[in-house]
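Reproduced below: start26.txt, with compact mmCIF, C-alpha atoms.
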# COMPACT_ATOMS: atom_id res chain seq x y z
CA MET A 21 114.78 -70.52 0.55
CA LYS A 22 112.39 -68.42 -1.54
CA HIS A 23 109.54 -69.01 0.95
CA ILE A 24 111.77 -68.13 3.90
CA VAL A 25 112.66 -64.75 2.33
CA LYS A 26 108.97 -63.98 1.62
CA SER A 27 108.01 -64.91 5.18
CA LEU A 28 110.83 -62.83 6.59
CA LEU A 29 109.80 -59.79 4.51
CA ALA A 30 106.18 -60.21 5.59
CA CYS A 31 107.22 -60.34 9.26
CA ILE A 32 109.35 -57.22 8.88
CA ALA A 33 106.49 -55.39 7.17
CA LEU A 34 104.05 -56.34 9.94
CA THR A 35 106.42 -55.27 12.73
CA MET A 36 106.91 -51.91 11.02
CA GLY A 37 103.17 -51.34 10.89
CA VAL A 38 102.92 -51.83 7.13
CA PRO A 39 99.76 -53.72 6.24
CA ALA A 40 100.44 -56.92 4.36
CA ILE A 41 97.24 -56.53 2.35
CA SER A 42 96.41 -53.23 0.72
CA ALA A 43 93.01 -51.77 1.52
CA GLN A 44 90.76 -50.54 -1.24
CA VAL A 45 90.17 -46.78 -1.02
CA GLN A 46 87.03 -45.19 -2.41
CA ILE A 47 87.68 -42.19 -4.65
CA THR A 48 85.39 -39.21 -4.01
CA LYS A 49 84.53 -36.18 -6.16
CA VAL A 50 86.95 -34.07 -4.12
CA ASP A 51 89.78 -36.48 -4.95
CA LYS A 52 89.10 -35.94 -8.64
CA ILE A 53 89.42 -32.13 -8.53
CA GLN A 54 92.45 -30.93 -10.41
CA PRO A 55 94.01 -27.72 -9.10
CA ASN A 56 93.59 -24.89 -11.58
CA GLU A 57 94.01 -21.13 -11.88
CA GLY A 58 90.54 -20.49 -10.44
CA ILE A 59 91.24 -22.50 -7.29
CA PHE A 60 94.62 -20.82 -6.78
CA MET A 61 93.14 -17.35 -7.30
CA ASP A 62 90.37 -18.21 -4.85
CA MET A 63 93.12 -18.98 -2.30
CA ALA A 64 94.64 -15.52 -2.88
CA VAL A 65 91.21 -13.88 -2.51
CA SER A 66 90.62 -15.82 0.73
CA ALA A 67 93.94 -14.49 2.04
CA ALA A 68 92.84 -10.95 1.10
CA LYS A 69 89.58 -11.46 3.00
CA THR A 70 91.63 -12.52 6.04
CA SER A 71 93.71 -9.37 5.71
CA VAL A 72 90.58 -7.19 5.54
CA ALA A 73 89.14 -8.97 8.59
CA ASP A 74 92.36 -8.01 10.42
CA ASN A 75 91.88 -4.36 9.33
CA GLY A 76 94.53 -4.68 6.62
CA LEU A 77 94.65 -4.04 2.89
CA PRO A 78 92.51 -6.20 0.61
CA CYS A 79 95.58 -8.03 -0.65
CA GLY A 80 96.57 -11.67 -0.53
CA ALA A 81 98.96 -13.92 -2.42
CA VAL A 82 99.83 -17.59 -2.69
CA VAL A 83 102.91 -19.34 -4.00
CA ILE A 84 102.16 -22.44 -6.06
CA LEU A 85 105.27 -24.57 -6.50
CA ASN A 86 105.21 -27.50 -8.93
CA GLY A 87 101.41 -27.29 -9.10
CA ALA A 88 100.88 -27.46 -5.33
CA TRP A 89 100.25 -24.84 -2.65
CA ARG A 90 103.46 -23.78 -0.91
CA SER A 91 102.62 -20.63 1.09
CA THR A 92 100.16 -17.79 1.61
CA GLY A 93 100.88 -14.16 2.37
CA ILE A 94 99.05 -11.01 3.42
CA PRO A 95 100.55 -7.53 3.74
CA SER A 96 102.44 -6.98 6.95
CA ASN A 97 103.95 -3.63 7.97
CA GLU A 98 105.70 -2.43 4.82
CA ILE A 99 105.93 -5.88 3.22
CA SER A 100 103.53 -6.78 0.40
CA ALA A 101 101.41 -9.93 0.31
CA GLU A 102 103.62 -11.29 -2.49
CA GLN A 103 106.81 -10.69 -0.51
CA THR A 104 105.29 -12.32 2.58
CA ALA A 105 104.23 -15.40 0.59
CA ILE A 106 107.67 -15.66 -1.03
CA ASN A 107 109.40 -15.38 2.35
CA LYS A 108 107.08 -17.97 3.92
CA SER A 109 107.74 -20.42 1.08
CA ARG A 110 111.31 -20.84 2.33
CA ALA A 111 112.28 -22.07 -1.11
CA LYS A 112 115.73 -21.17 -2.40
CA SER A 113 114.35 -20.84 -5.91
CA LEU A 114 110.83 -20.45 -7.19
CA ALA A 115 111.81 -21.23 -10.79
CA ASN A 116 108.95 -23.77 -11.00
CA ALA A 117 106.45 -21.57 -9.18
CA SER A 118 103.54 -19.33 -10.01
CA ILE A 119 102.32 -16.55 -7.77
CA PHE A 120 98.62 -15.79 -7.56
CA THR A 121 97.84 -12.41 -6.08
CA MET A 122 94.72 -10.39 -5.52
CA VAL A 123 96.15 -7.06 -6.68
CA GLN A 124 98.65 -6.38 -9.45
CA PRO A 125 102.11 -6.37 -7.82
CA THR A 126 103.68 -3.05 -6.89
CA ALA A 127 107.25 -2.12 -7.86
CA ALA A 128 108.63 -3.55 -4.60
CA ALA A 129 106.63 -6.76 -5.03
CA CYS A 130 107.79 -7.10 -8.66
CA LYS A 131 111.39 -6.80 -7.52
CA ALA A 132 110.90 -9.53 -4.90
CA ILE A 133 109.17 -11.75 -7.47
CA LEU A 134 112.02 -11.33 -9.95
CA GLU A 135 114.59 -12.11 -7.23
CA SER A 136 112.67 -15.27 -6.29
CA GLY A 137 112.82 -16.57 -9.85
CA ALA A 138 109.05 -17.14 -10.16
CA PRO A 139 108.30 -17.05 -13.89
CA ALA A 140 104.56 -16.32 -13.74
CA VAL A 141 102.28 -14.01 -11.77
CA TYR A 142 98.49 -14.07 -11.98
CA PHE A 143 96.43 -11.22 -10.55
CA ALA A 144 92.78 -10.16 -10.41
CA ILE A 145 92.75 -6.42 -9.67
CA PRO A 146 94.80 -4.18 -12.02
CA ALA A 147 96.94 -1.31 -10.76
CA ASN A 148 94.54 1.42 -11.93
CA VAL A 149 91.68 -0.09 -9.88
CA ALA A 150 93.95 -0.54 -6.84
CA ILE A 151 95.00 3.11 -7.10
CA ALA A 152 91.39 4.34 -7.54
CA ALA A 153 90.26 2.26 -4.53
CA GLY A 154 93.04 3.71 -2.36
CA ILE A 155 94.77 0.37 -1.84
CA TYR A 156 98.11 1.66 -3.15
CA PRO A 157 99.22 5.11 -4.32
CA ALA A 158 100.31 5.54 -7.94
CA SER A 159 103.88 5.99 -6.70
CA ALA A 160 103.90 2.35 -5.52
CA TYR A 161 103.84 1.25 -9.16
CA GLU A 162 106.43 3.72 -10.47
CA GLY A 163 109.55 2.06 -11.83
CA ALA A 164 108.07 -1.44 -11.55
CA PRO A 165 110.32 -3.90 -13.39
CA ALA A 166 108.65 -6.01 -16.06
CA LEU A 167 107.79 -9.53 -14.99
CA PRO A 168 108.37 -12.44 -17.40
CA LYS A 169 104.68 -13.45 -17.40
CA LEU A 170 102.02 -11.19 -15.86
CA ILE A 171 98.46 -12.40 -16.45
CA GLN A 172 95.21 -10.82 -15.33
CA LEU A 173 92.40 -13.24 -14.49
CA ASP A 174 88.75 -12.23 -14.42
CA PHE A 175 87.66 -13.03 -10.88
CA ALA A 176 84.40 -11.51 -9.61
CA ASP A 177 85.09 -12.40 -5.95
CA ALA A 178 88.15 -10.14 -6.04
CA ASP A 179 86.03 -7.21 -7.21
CA ALA A 180 83.57 -7.82 -4.38
CA VAL A 181 86.36 -7.72 -1.77
CA VAL A 182 87.75 -4.45 -3.12
CA ASN A 183 84.28 -2.88 -3.43
CA GLY A 184 83.48 -3.83 0.18
CA TRP A 185 86.80 -2.54 1.53
CA LYS A 186 87.09 0.97 2.95
CA ALA A 187 90.42 2.74 3.07
CA LYS A 188 91.61 3.78 6.52
CA LYS A 189 91.60 7.53 6.94

Show me the file's structure as structure tokens.
Amino acid sequence: MKHIVKSLLACIALTMGVPAISAQVQITKVDKIQPNEGIFMDMAVSAAKTSVADNGLPCGAVVILNGAWRSTGIPSNEISAEQTAINKSRAKSLANASIFTMVQPTAAACKAILESGAPAVYFAIPANVAIAAGIYPASAYEGAPALPKLIQLDFADADAVVNGWKAKK
């Protein structure tokens, strides 16, 4: 009876396309890379570069949920990169998420981040640099609610994007 059950399970597995013998997979260097803050910030900077290429602001954001990429956002109309990324995530709660953004979030972005429940925000370009570069006016930061965890990361690629960007006149 025991052999009949094993044979039956093997037949079912084969008809469902499940290989009866597992293949050995070679692990590469890329498979060994652990996602980290630098990789996530690089994703936000890449989004900002895309925005600049589309004649937009040098802003980009990514939502990282449970340690994995969930969504990317760039500014669109009057919506910030952070708000776009949050909306695209389609998650009811971002309580286990981190948001990586090129530029320190504005007051409107901070409000959206708080509403999403994301406990941590990492950024590369502080508000004073964004204001001096003409990315956002000082008024965009007025009345910004405090975020639970707001961390600035030193990221040279972000500086290069802002320095190469020219404000529309």

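Interatomic distance, atom CA of A:Asp62 against atom CA of A:Phe143: 10.9 Å.
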
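The closest residue to A:Ala147, picked from A:Ala160, A:Leu85, A:Ala73, A:Leu134 and counting only C-alpha atoms, is A:Ala160.
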
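Proximity ranking of A:Gln172, A:Ser159, A:Thr92, A:Asn86 relative to A:Thr70 places A:Thr92 first, based on all atoms listed in the file.
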
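When only C-alpha atoms are used to compute distances to A:Gly93, the closest of the residues A:Ala129, A:Ile59, A:Leu114, A:Leu167 turns out to be A:Ala129.
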
| field | Computed interatomic separation between atom CA of A:Cys130 and atom CA of A:Gln54 (Å) | value | 28.4 Å

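Proximity to A:Ile155 was assessed for A:Ala128, A:Ala64, A:Ala101, A:Val123 counting only C-alpha atoms; the smallest distance is recorded for A:Val123.
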
| task | Would you list the contacts of A:Ala180 as an MDAnalysis selection string, taking every protein, DNA or RNA residue within 12 Å and counting all atoms listed in the file, but skipping same-chain residues closer than 4 positions in sequence? | result | chainID A and resid 65:66 68:69 78 122 144:145 175:176 184:186

| message | My list of candidates is A:Lys112, A:Phe120, A:Tyr156, A:Ala67. Which is closest to A:Glu135 when distances are computed with all atoms listed in the file? | response | A:Lys112

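Minimum atom-to-atom distance to A:Pro139, evaluated using only C-alpha atoms, belongs to A:Ile171 out of A:Ile171, A:Ala152, A:Ala105, A:Ile94.
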
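Atom CA of A:Pro125 to atom CA of A:Ala88 spans 21.3 Å [interatomic distance, one decimal].
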
| task | For A:Gly137, work out the shell of residues within 9 Å, counting only C-alpha atoms and skipping chain neighbours fewer than 6 positions away, then give it as a VMD selection string. | result | chain A and resid 113 to 117

Rebuild stretch 62-74 of chain A so that it carries N, CA and C atoms, then output the result as a PDB file, keeping the file's coordinate frame.
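The result, stored in selection_32.pdb:
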ATOM      1  N   ASP A  62      91.295 -18.208  -5.984  1.00  0.00           N
ATOM      2  CA  ASP A  62      90.370 -18.210  -4.850  1.00  0.00           C
ATOM      3  C   ASP A  62      91.147 -18.243  -3.530  1.00  0.00           C
ATOM      4  N   MET A  63      92.273 -18.949  -3.502  1.00  0.00           N
ATOM      5  CA  MET A  63      93.120 -18.980  -2.300  1.00  0.00           C
ATOM      6  C   MET A  63      93.681 -17.592  -2.009  1.00  0.00           C
ATOM      7  N   ALA A  64      94.098 -16.875  -3.056  1.00  0.00           N
ATOM      8  CA  ALA A  64      94.640 -15.520  -2.880  1.00  0.00           C
ATOM      9  C   ALA A  64      93.536 -14.569  -2.391  1.00  0.00           C
ATOM     10  N   VAL A  65      92.336 -14.719  -2.934  1.00  0.00           N
ATOM     11  CA  VAL A  65      91.210 -13.880  -2.510  1.00  0.00           C
ATOM     12  C   VAL A  65      90.848 -14.185  -1.059  1.00  0.00           C
ATOM     13  N   SER A  66      90.890 -15.438  -0.667  1.00  0.00           N
ATOM     14  CA  SER A  66      90.620 -15.820   0.730  1.00  0.00           C
ATOM     15  C   SER A  66      91.646 -15.177   1.666  1.00  0.00           C
ATOM     16  N   ALA A  67      92.902 -15.145   1.239  1.00  0.00           N
ATOM     17  CA  ALA A  67      93.940 -14.490   2.040  1.00  0.00           C
ATOM     18  C   ALA A  67      93.643 -12.994   2.161  1.00  0.00           C
ATOM     19  N   ALA A  68      93.189 -12.379   1.069  1.00  0.00           N
ATOM     20  CA  ALA A  68      92.840 -10.950   1.100  1.00  0.00           C
ATOM     21  C   ALA A  68      91.684 -10.701   2.057  1.00  0.00           C
ATOM     22  N   LYS A  69      90.708 -11.592   2.079  1.00  0.00           N
ATOM     23  CA  LYS A  69      89.580 -11.460   3.000  1.00  0.00           C
ATOM     24  C   LYS A  69      90.073 -11.541   4.456  1.00  0.00           C
ATOM     25  N   THR A  70      91.038 -12.413   4.706  1.00  0.00           N
ATOM     26  CA  THR A  70      91.630 -12.520   6.040  1.00  0.00           C
ATOM     27  C   THR A  70      92.318 -11.217   6.418  1.00  0.00           C
ATOM     28  N   SER A  71      93.030 -10.633   5.469  1.00  0.00           N
ATOM     29  CA  SER A  71      93.710  -9.370   5.710  1.00  0.00           C
ATOM     30  C   SER A  71      92.711  -8.262   6.047  1.00  0.00           C
ATOM     31  N   VAL A  72      91.614  -8.203   5.291  1.00  0.00           N
ATOM     32  CA  VAL A  72      90.580  -7.190   5.540  1.00  0.00           C
ATOM     33  C   VAL A  72      89.954  -7.411   6.920  1.00  0.00           C
ATOM     34  N   ALA A  73      89.715  -8.665   7.277  1.00  0.00           N
ATOM     35  CA  ALA A  73      89.140  -8.970   8.590  1.00  0.00           C
ATOM     36  C   ALA A  73      90.063  -8.522   9.721  1.00  0.00           C
ATOM     37  N   ASP A  74      91.378  -8.475   9.441  1.00  0.00           N
ATOM     38  CA  ASP A  74      92.360  -8.010  10.420  1.00  0.00           C
ATOM     39  C   ASP A  74      92.659  -6.525  10.258  1.00  0.00           C
TER      40      ASP A  74
END
